[in-house]
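The file upload19.cif comes next; it holds mmCIF, C-alpha atoms.
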data_start
#
loop_
_atom_site.label_atom_id
_atom_site.label_comp_id
_atom_site.auth_asym_id
_atom_site.auth_seq_id
_atom_site.Cartn_x
_atom_site.Cartn_y
_atom_site.Cartn_z
CA MET D 1 -21.31 118.17 157.18
CA LYS D 2 -23.46 115.08 157.40
CA LYS D 3 -24.55 113.73 154.03
CA TYR D 4 -28.22 113.26 153.27
CA ILE D 5 -29.42 109.77 152.43
CA TYR D 6 -31.24 108.62 149.33
CA PHE D 7 -33.56 106.14 150.96
CA LEU D 8 -34.67 105.70 154.54
CA LEU D 9 -35.27 102.33 156.17
CA LEU D 10 -37.90 102.56 158.87
CA SER D 11 -38.47 99.84 161.44
CA CYS D 12 -41.70 99.62 163.40
CA LEU D 13 -39.81 101.14 166.35
CA THR D 14 -38.32 104.08 164.50
CA PHE D 15 -41.15 106.39 165.47
CA ALA D 16 -40.63 106.13 169.22
CA TRP D 17 -39.19 109.65 169.23
CA SER D 18 -42.44 111.08 167.86
CA ALA D 19 -44.13 110.41 171.17
CA CYS D 20 -41.69 112.81 172.85
CA THR D 21 -43.01 115.83 170.98
CA ASN D 22 -46.32 117.52 171.67
CA GLU D 23 -47.46 119.16 168.44
CA ASN D 24 -50.88 120.20 169.76
CA TYR D 25 -50.02 123.21 171.85
CA GLU D 26 -52.52 125.67 173.23
CA ALA D 27 -53.34 129.18 172.08
CA GLY D 28 -54.18 132.10 174.33
CA ASP D 29 -52.81 132.26 177.86
CA GLY D 30 -52.02 128.60 178.45
CA ALA D 31 -48.66 127.31 179.61
CA ASN D 32 -47.59 126.74 176.01
CA SER D 33 -49.24 129.80 174.49
CA PHE D 34 -45.94 131.27 173.28
CA LEU D 35 -44.55 128.01 171.89
CA ARG D 36 -43.54 128.07 168.24
CA ALA D 37 -42.75 125.25 165.82
CA ASP D 38 -40.54 125.76 162.77
CA PHE D 39 -38.88 123.58 160.17
CA GLY D 40 -35.27 124.33 159.42
CA MET D 41 -31.65 123.32 159.85
CA ALA D 42 -30.21 122.51 163.28
CA HIS D 43 -26.51 123.03 163.92
CA THR D 44 -24.37 121.03 166.33
CA GLN D 45 -21.24 122.39 167.95
CA ARG D 46 -20.85 119.15 169.86
CA ALA D 47 -22.15 115.74 168.92
CA LYS D 48 -25.75 115.14 170.03
CA GLN D 49 -26.28 118.78 171.11
CA ILE D 50 -28.09 121.41 169.05
CA SER D 51 -26.77 124.93 169.70
CA SER D 52 -28.39 127.00 166.93
CA PHE D 53 -31.19 126.73 164.39
CA THR D 54 -32.01 128.43 161.09
CA THR D 55 -35.68 128.36 160.16
CA ASP D 56 -37.04 127.99 156.64
CA ASP D 57 -37.91 131.69 156.92
CA SER D 58 -34.16 132.39 157.29
CA ASP D 59 -34.46 133.34 160.97
CA ASN D 60 -31.12 132.53 162.63
CA LEU D 61 -31.80 131.46 166.21
CA VAL D 62 -29.26 131.08 169.01
CA LEU D 63 -30.44 128.72 171.74
CA THR D 64 -30.41 129.98 175.32
CA GLN D 65 -29.02 126.55 176.17
CA PRO D 66 -28.12 123.56 173.98
CA ILE D 67 -30.79 120.92 173.53
CA ASP D 68 -29.90 117.22 173.50
CA ALA D 69 -30.54 115.31 170.28
CA SER D 70 -29.30 111.71 170.30
CA TRP D 71 -29.85 111.44 166.54
CA ALA D 72 -27.47 114.35 165.76
CA ASP D 73 -24.37 112.24 166.19
CA GLN D 74 -21.76 114.43 164.49
CA ALA D 75 -20.23 117.68 165.74
CA ASP D 76 -20.27 120.81 163.57
CA SER D 77 -22.97 119.42 161.27
CA LEU D 78 -26.38 120.43 159.96
CA TYR D 79 -29.53 118.36 160.45
CA ARG D 80 -33.02 118.87 159.08
CA ALA D 81 -35.42 119.18 162.01
CA LEU D 82 -38.70 120.46 163.42
CA PHE D 83 -37.93 122.77 166.35
CA PHE D 84 -40.32 123.68 169.18
CA TYR D 85 -39.27 126.77 171.11
CA GLU D 86 -40.16 130.06 172.71
CA LYS D 87 -38.65 133.20 171.26
CA VAL D 88 -37.32 135.27 174.15
CA GLY D 89 -36.04 138.38 172.39
CA GLY D 90 -33.93 139.21 169.39
CA ASN D 91 -32.56 136.04 167.89
CA LYS D 92 -32.66 134.11 171.16
CA ALA D 93 -34.75 130.94 171.44
CA LYS D 94 -35.60 128.92 174.54
CA PRO D 95 -35.79 125.32 173.32
CA THR D 96 -38.61 122.97 174.26
CA SER D 97 -38.03 119.96 172.00
CA ILE D 98 -36.66 119.04 168.60
CA ARG D 99 -37.31 116.12 166.28
CA PRO D 100 -35.41 114.99 163.19
CA VAL D 101 -36.94 115.26 159.73
CA PRO D 102 -35.63 112.60 157.31
CA VAL D 103 -34.15 114.02 154.10
CA LEU D 104 -34.65 111.97 150.94
CA ASN D 105 -32.83 112.87 147.73
CA LEU D 106 -34.60 112.21 144.45
CA ARG D 107 -33.45 108.94 142.91
CA PRO D 108 -33.90 108.38 139.13
CA ALA D 109 -36.48 105.72 138.38
CA GLU D 110 -34.05 103.73 136.22
CA SER D 111 -31.74 103.30 139.22
CA VAL D 112 -34.44 101.73 141.40
CA GLN D 113 -34.69 97.96 141.00
CA GLN D 114 -38.37 97.86 141.92
CA ILE D 115 -40.52 100.90 142.63
CA LYS D 116 -43.18 100.15 145.22
CA THR D 117 -46.18 102.24 146.09
CA ASP D 118 -47.73 100.57 149.11
CA PRO D 119 -50.33 102.98 150.52
CA VAL D 120 -49.77 105.66 153.14
CA LYS D 121 -52.04 108.29 154.64
CA PHE D 122 -51.29 111.65 153.03
CA GLU D 123 -51.80 114.86 154.99
CA SER D 124 -50.08 117.69 153.09
CA SER D 125 -47.19 118.80 150.89
CA TRP D 126 -45.55 122.21 150.50
CA ILE D 127 -42.38 123.92 149.33
CA SER D 128 -40.46 125.67 152.09
CA SER D 129 -40.47 129.46 152.05
CA ASN D 130 -36.75 129.53 151.20
CA LYS D 131 -37.42 127.06 148.35
CA SER D 132 -34.82 124.65 149.69
CA PHE D 133 -37.12 121.69 150.33
CA LEU D 134 -40.29 119.96 149.27
CA ASN D 135 -41.94 118.79 152.49
CA LEU D 136 -44.44 116.00 153.04
CA SER D 137 -46.58 115.16 156.04
CA ILE D 138 -47.69 111.53 155.95
CA TYR D 139 -48.75 108.68 158.22
CA LEU D 140 -47.33 105.17 157.93
CA LYS D 141 -49.17 102.14 159.24
CA THR D 142 -46.99 100.21 161.65
CA GLY D 143 -47.07 97.85 164.61
CA LYS D 144 -45.06 95.41 166.68
CA THR D 145 -43.73 92.31 165.00
CA ASP D 146 -41.58 89.34 165.96
CA GLU D 147 -39.58 89.86 162.77
CA ILE D 148 -36.55 91.83 164.01
CA ASP D 149 -35.45 92.73 160.48
CA ALA D 150 -38.87 93.89 159.28
CA LYS D 151 -38.40 97.43 157.96
CA GLN D 152 -40.48 99.76 155.87
CA GLU D 153 -38.71 101.51 153.01
CA VAL D 154 -39.46 105.08 152.01
CA GLY D 155 -37.88 107.07 149.20
CA MET D 156 -38.54 109.62 146.48
CA VAL D 157 -38.34 108.58 142.82
CA LEU D 158 -37.83 110.94 139.90
CA ASP D 159 -39.99 109.43 137.15
CA ASN D 160 -39.54 111.98 134.40
CA VAL D 161 -38.49 115.54 133.56
CA GLN D 162 -40.21 117.47 130.78
CA ALA D 163 -38.79 120.70 129.40
CA SER D 164 -40.99 123.37 127.80
CA GLN D 165 -40.05 125.71 124.98
CA ASN D 166 -39.41 128.54 127.44
CA GLY D 167 -36.77 126.43 129.20
CA ARG D 168 -38.81 125.69 132.29
CA LYS D 169 -38.87 122.12 133.53
CA HIS D 170 -41.60 119.97 135.04
CA TYR D 171 -40.53 117.21 137.43
CA TYR D 172 -42.69 114.11 137.96
CA ILE D 173 -41.92 112.39 141.26
CA THR D 174 -43.44 109.47 143.15
CA LEU D 175 -43.32 108.49 146.81
CA HIS D 176 -41.75 105.03 146.97
CA HIS D 177 -43.07 103.02 149.93
CA ALA D 178 -42.59 99.33 150.68
CA GLN D 179 -44.49 98.01 153.72
CA ASN D 180 -42.22 94.94 153.74
CA GLY D 181 -44.40 92.88 156.07
CA VAL D 182 -44.56 95.42 158.90
CA PRO D 183 -48.01 95.10 160.56
CA GLU D 184 -50.52 97.88 159.90
CA TYR D 185 -52.02 98.24 163.37
CA TYR D 186 -51.79 101.98 163.90
CA SER D 187 -50.67 105.18 162.16
CA ALA D 188 -47.33 106.84 162.88
CA HIS D 189 -46.91 110.45 161.76
CA THR D 190 -43.73 111.56 160.04
CA TYR D 191 -42.45 114.48 157.99
CA LEU D 192 -40.14 114.06 155.01
CA SER D 193 -38.04 116.68 153.21
CA ILE D 194 -36.66 116.51 149.67
CA PRO D 195 -33.85 118.95 148.68
CA LEU D 196 -34.74 121.14 145.71
CA LYS D 197 -32.35 124.09 145.63
CA SER D 198 -29.59 122.46 143.58
CA LEU D 199 -32.10 120.89 141.18
CA LEU D 200 -34.91 123.33 140.37
CA GLN D 201 -34.94 126.90 139.09
CA SER D 202 -37.57 129.62 139.42
CA GLY D 203 -40.51 128.83 137.15
CA ASP D 204 -40.07 125.06 137.32
CA SER D 205 -42.87 122.88 138.68
CA ILE D 206 -43.46 119.51 140.31
CA THR D 207 -46.13 116.85 140.04
CA LEU D 208 -46.08 114.66 143.13
CA SER D 209 -47.83 111.29 143.14
CA VAL D 210 -48.61 109.48 146.40
CA ASN D 211 -50.57 106.25 146.72
CA THR D 212 -52.90 106.38 149.73
CA TYR D 213 -55.48 104.09 151.30
CA ASP D 214 -58.09 106.20 149.49
CA GLY D 215 -56.38 106.04 146.10
CA ILE D 216 -53.64 107.95 144.31
CA ILE D 217 -53.26 111.62 145.19
CA VAL D 218 -51.59 113.93 142.68
CA LYS D 219 -50.31 117.35 143.76
CA ARG D 220 -48.85 120.06 141.52
CA LEU D 221 -46.47 122.55 143.10
CA GLU D 222 -44.90 125.62 141.52
CA TYR D 223 -41.31 126.43 142.36
#
Could you spell out this file's structure in structure tokens?
Amino acid sequence: MKKYIYFLLLSCLTFAWSACTNENYEAGDGANSFLRADFGMAHTQRAKQISSFTTDDSDNLVLTQPIDASWADQADSLYRALFFYEKVGGNKAKPTSIRPVPVLNLRPAESVQQIKTDPVKFESSWISSNKSFLNLSIYLKTGKTDEIDAKQEVGMVLDNVQASQNGRKHYYITLHHAQNGVPEYYSAHTYLSIPLKSLLQSGDSITLSVNTYDGIIVKRLEY
């Protein structure tokens, strides 16, 4: 199974795949009226082909036909993804498109040489229904540059853990973001997922801190 990464390096071209997915689908009787979008885990039987998908609601979907995914480069592996599809009966799903969701493990603050909090645009945060992931929806400012090696850096830092008398723990985490000279011409939307299941227990809580262009946003989430 493919290992998740701690930190993700993002170049100004990384978000080209986002243009391939239409997230604004119609309701009612339009051509895309039955299209669904779910976060979950995509499974490859062959490299670069998704054959099944398990949603965060634990719905196990078998695809009517495999869907190509150039980023899923290992066979018999699981990848975090956002899946657009039409449910066609039972556990069958007719795929429309799929996009990867970067997974960022929490990294202790003392292991990070320099924590950076360059601003982003924050949209939302939520814990998945199966309590496996903390999810973020953010926008990063980006643009074309002549610097080939210019890359933004995004990660999740665990600042502190406080334990209460009843044994419950409160986790303080910060979104690490280094702009690293990438131009800020336009906003590129991305989702991020942080694994929680092996770390948190029922009754624990999280305080998430994100620096935005409008100031620091603090969100508290109950696990």
Open item on the list: Can you translate the PyMOL selection byres ((chain D and resi 128) around 12) into the concrete residues it hits in this file, as a PyMOL selection string?
Closed with: chain D and resi 38-41+55-58+125-127+129-136+192-197+221-223
Task: Interatomic distance, CA of Val101 in chain D to CA of Tyr191 in chain D (Å, one decimal) - done: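 Separation between CA of Val101 in chain D and CA of Tyr191 in chain D: 5.8 Å.
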Open item on the list: When you count only C-alpha atoms, which of these residues is closest to Ser202 in chain D: D:Ala42, D:Arg168, D:Ser77, D:Leu140?
Closed with: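 Comparing D:Ala42, D:Arg168, D:Ser77, D:Leu140 against Ser202 in chain D, the winner is D:Arg168.
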Open item on the list: Need to verify the contact set: Thr212 in chain D, 9 Å, all atoms listed in the file, exclusion of same-chain residues closer than 6 positions in sequence. Can you return it as a PyMOL selection string?
Closed with: chain D and resi 117-122
Output C-alpha atoms of each residue in that selection to a file, as a PDB file, keeping the file's coordinate frame.
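Written out: again_3.pdb:
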ATOM      1  CA  THR D 117     -46.180 102.240 146.090  1.00  0.00           C
ATOM      2  CA  ASP D 118     -47.730 100.570 149.110  1.00  0.00           C
ATOM      3  CA  PRO D 119     -50.330 102.980 150.520  1.00  0.00           C
ATOM      4  CA  VAL D 120     -49.770 105.660 153.140  1.00  0.00           C
ATOM      5  CA  LYS D 121     -52.040 108.290 154.640  1.00  0.00           C
ATOM      6  CA  PHE D 122     -51.290 111.650 153.030  1.00  0.00           C
TER       7      PHE D 122
END
Open item on the list: At a cut-off of 10 Å, using only C-alpha atoms, what residues contact Pro100 in chain D? Leave out same-chain residues fewer than 5 positions from it and give the result as a list in words.
Closed with: Trp17, Ser18, Phe39, Met41, Ala42, Ala69, Ser70, Trp71, Ala72, Tyr79, Arg80, Ala81, Leu82, Phe83, Thr190, Tyr191 and Leu192 of chain D
TODO: For CA of Leu106 in chain D and CA of Gln162 in chain D, determine how far apart the two atoms are, in Å to one decimal place.
DONE: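 Between CA of Leu106 in chain D and CA of Gln162 in chain D the gap works out to 15.7 Å.
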- [ ] Please provide as a list in words all residues within 9 Å of Val62 in chain D, with the sequence filter that same-chain residues fewer than 6 positions apart are discarded (counting all atoms listed in the file).
- [x] Ser51, Ser52, Phe53, Thr54, Asn91, Lys92, Ala93 and Lys94 of chain D
Can you sort out the box for range 187-200 of chain D, edges along x, y and z, all listed atoms in, 8 Å on every side, with centre and edge lengths in Å to one decimal, as JSON?
{"center_x": -40.1, "center_y": 114.6, "center_z": 151.6, "size_x": 37.1, "size_y": 34.9, "size_z": 38.5}
Task: Best match for closeness to Tyr85 in chain D among D:Leu158, D:Leu35, D:Ser111, D:Ser124, counting only C-alpha atoms - done: D:Leu35
TODO: Name the residues that the PyMOL selection byres ((chain D and resi 66) around 8) pulls out of this structure, and write them as a ChimeraX atom specification.
DONE: /D:49-52,63-65,67-68,95
Task: Coordinates-based distance that separates CA of Ala37 in chain D from CA of His176 in chain D (Å, one decimal) - done: 27.7 Å
TODO: Apply the PyMOL selection byres ((chain D and resi 171) around 8) to the displayed file and report the matching residues as a list in words.
DONE: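 Going through the file, the PyMOL selection byres ((chain D and resi 171) around 8) ends up selecting Leu158, Asp159, Asn160, Val161, Gln162, Lys169, His170, Tyr172, Ile173, Asp204, Ser205, Ile206 and Thr207 of chain D.
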TODO: Choose the residue, out of D:His43, D:Gly155, D:Gly89, D:Pro102, that has the smallest atom-to-atom separation from Asp73 in chain D; count all atoms listed in the file.
DONE: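 Smallest distance to Asp73 in chain D is found for D:His43.
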TODO: Can you work out which one of D:Ala150, D:Leu175, D:Val88, D:Ile138 has the shortest atom-to-atom distance to Glu123 in chain D, counting all atoms listed in the file?
DONE: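 Residue with the minimum atom-to-atom distance to Glu123 in chain D: D:Ile138.
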Just range 166-185 of chain D, please, as a PDB file, in the first residue's frame (only N, CA, C and O atoms).
ATOM      1  N   ASN D 166     -10.057  13.554  32.782  1.00  0.00           N
ATOM      2  CA  ASN D 166     -10.860  12.398  32.378  1.00  0.00           C
ATOM      3  C   ASN D 166     -10.189  11.562  31.294  1.00  0.00           C
ATOM      4  O   ASN D 166     -10.789  10.618  30.765  1.00  0.00           O
ATOM      5  N   GLY D 167      -8.934  11.911  30.959  1.00  0.00           N
ATOM      6  CA  GLY D 167      -8.174  11.130  29.999  1.00  0.00           C
ATOM      7  C   GLY D 167      -8.333  11.573  28.560  1.00  0.00           C
ATOM      8  O   GLY D 167      -7.630  11.071  27.672  1.00  0.00           O
ATOM      9  N   ARG D 168      -9.232  12.497  28.303  1.00  0.00           N
ATOM     10  CA  ARG D 168      -9.399  12.984  26.941  1.00  0.00           C
ATOM     11  C   ARG D 168      -8.281  13.962  26.587  1.00  0.00           C
ATOM     12  O   ARG D 168      -7.767  14.687  27.439  1.00  0.00           O
ATOM     13  N   LYS D 169      -7.933  13.973  25.307  1.00  0.00           N
ATOM     14  CA  LYS D 169      -6.826  14.803  24.850  1.00  0.00           C
ATOM     15  C   LYS D 169      -7.301  15.876  23.885  1.00  0.00           C
ATOM     16  O   LYS D 169      -8.264  15.665  23.135  1.00  0.00           O
ATOM     17  N   HIS D 170      -6.597  17.013  23.936  1.00  0.00           N
ATOM     18  CA  HIS D 170      -6.889  18.115  23.014  1.00  0.00           C
ATOM     19  C   HIS D 170      -5.630  18.391  22.209  1.00  0.00           C
ATOM     20  O   HIS D 170      -4.562  18.654  22.756  1.00  0.00           O
ATOM     21  N   TYR D 171      -5.774  18.317  20.880  1.00  0.00           N
ATOM     22  CA  TYR D 171      -4.655  18.463  19.954  1.00  0.00           C
ATOM     23  C   TYR D 171      -4.684  19.855  19.328  1.00  0.00           C
ATOM     24  O   TYR D 171      -5.710  20.272  18.773  1.00  0.00           O
ATOM     25  N   TYR D 172      -3.552  20.554  19.406  1.00  0.00           N
ATOM     26  CA  TYR D 172      -3.409  21.871  18.789  1.00  0.00           C
ATOM     27  C   TYR D 172      -2.548  21.714  17.536  1.00  0.00           C
ATOM     28  O   TYR D 172      -1.382  21.312  17.617  1.00  0.00           O
ATOM     29  N   ILE D 173      -3.125  22.027  16.381  1.00  0.00           N
ATOM     30  CA  ILE D 173      -2.402  21.847  15.133  1.00  0.00           C
ATOM     31  C   ILE D 173      -2.451  23.120  14.300  1.00  0.00           C
ATOM     32  O   ILE D 173      -3.399  23.914  14.398  1.00  0.00           O
ATOM     33  N   THR D 174      -1.428  23.307  13.486  1.00  0.00           N
ATOM     34  CA  THR D 174      -1.292  24.502  12.655  1.00  0.00           C
ATOM     35  C   THR D 174      -1.020  24.098  11.213  1.00  0.00           C
ATOM     36  O   THR D 174      -0.250  23.156  10.964  1.00  0.00           O
ATOM     37  N   LEU D 175      -1.637  24.799  10.286  1.00  0.00           N
ATOM     38  CA  LEU D 175      -1.319  24.607   8.872  1.00  0.00           C
ATOM     39  C   LEU D 175      -0.004  25.318   8.571  1.00  0.00           C
ATOM     40  O   LEU D 175       0.102  26.537   8.715  1.00  0.00           O
ATOM     41  N   HIS D 176       0.994  24.547   8.189  1.00  0.00           N
ATOM     42  CA  HIS D 176       2.289  25.087   7.760  1.00  0.00           C
ATOM     43  C   HIS D 176       2.197  25.394   6.271  1.00  0.00           C
ATOM     44  O   HIS D 176       1.817  24.540   5.470  1.00  0.00           O
ATOM     45  N   HIS D 177       2.530  26.633   5.893  1.00  0.00           N
ATOM     46  CA  HIS D 177       2.514  27.005   4.471  1.00  0.00           C
ATOM     47  C   HIS D 177       3.640  27.985   4.190  1.00  0.00           C
ATOM     48  O   HIS D 177       3.729  29.050   4.806  1.00  0.00           O
ATOM     49  N   ALA D 178       4.498  27.607   3.254  1.00  0.00           N
ATOM     50  CA  ALA D 178       5.579  28.482   2.803  1.00  0.00           C
ATOM     51  C   ALA D 178       5.340  28.818   1.332  1.00  0.00           C
ATOM     52  O   ALA D 178       5.315  27.919   0.488  1.00  0.00           O
ATOM     53  N   GLN D 179       5.160  30.084   1.022  1.00  0.00           N
ATOM     54  CA  GLN D 179       4.913  30.517  -0.357  1.00  0.00           C
ATOM     55  C   GLN D 179       6.153  30.314  -1.226  1.00  0.00           C
ATOM     56  O   GLN D 179       6.050  30.005  -2.420  1.00  0.00           O
ATOM     57  N   ASN D 180       7.321  30.506  -0.624  1.00  0.00           N
ATOM     58  CA  ASN D 180       8.614  30.217  -1.276  1.00  0.00           C
ATOM     59  C   ASN D 180       8.787  30.916  -2.626  1.00  0.00           C
ATOM     60  O   ASN D 180       9.336  30.348  -3.575  1.00  0.00           O
ATOM     61  N   GLY D 181       8.323  32.160  -2.719  1.00  0.00           N
ATOM     62  CA  GLY D 181       8.564  32.946  -3.917  1.00  0.00           C
ATOM     63  C   GLY D 181       7.636  32.676  -5.080  1.00  0.00           C
ATOM     64  O   GLY D 181       7.773  33.303  -6.143  1.00  0.00           O
ATOM     65  N   VAL D 182       6.687  31.750  -4.933  1.00  0.00           N
ATOM     66  CA  VAL D 182       5.727  31.499  -6.011  1.00  0.00           C
ATOM     67  C   VAL D 182       4.806  32.713  -6.134  1.00  0.00           C
ATOM     68  O   VAL D 182       4.264  33.180  -5.128  1.00  0.00           O
ATOM     69  N   PRO D 183       4.617  33.259  -7.333  1.00  0.00           N
ATOM     70  CA  PRO D 183       3.764  34.441  -7.499  1.00  0.00           C
ATOM     71  C   PRO D 183       2.341  34.204  -7.005  1.00  0.00           C
ATOM     72  O   PRO D 183       1.839  33.070  -7.034  1.00  0.00           O
ATOM     73  N   GLU D 184       1.685  35.255  -6.562  1.00  0.00           N
ATOM     74  CA  GLU D 184       0.329  35.156  -6.016  1.00  0.00           C
ATOM     75  C   GLU D 184      -0.659  35.850  -6.960  1.00  0.00           C
ATOM     76  O   GLU D 184      -1.316  36.810  -6.600  1.00  0.00           O
ATOM     77  N   TYR D 185      -0.756  35.317  -8.181  1.00  0.00           N
ATOM     78  CA  TYR D 185      -1.590  35.937  -9.201  1.00  0.00           C
ATOM     79  C   TYR D 185      -3.049  35.494  -9.134  1.00  0.00           C
ATOM     80  O   TYR D 185      -3.962  36.272  -9.378  1.00  0.00           O
TER      81      TYR D 185
END
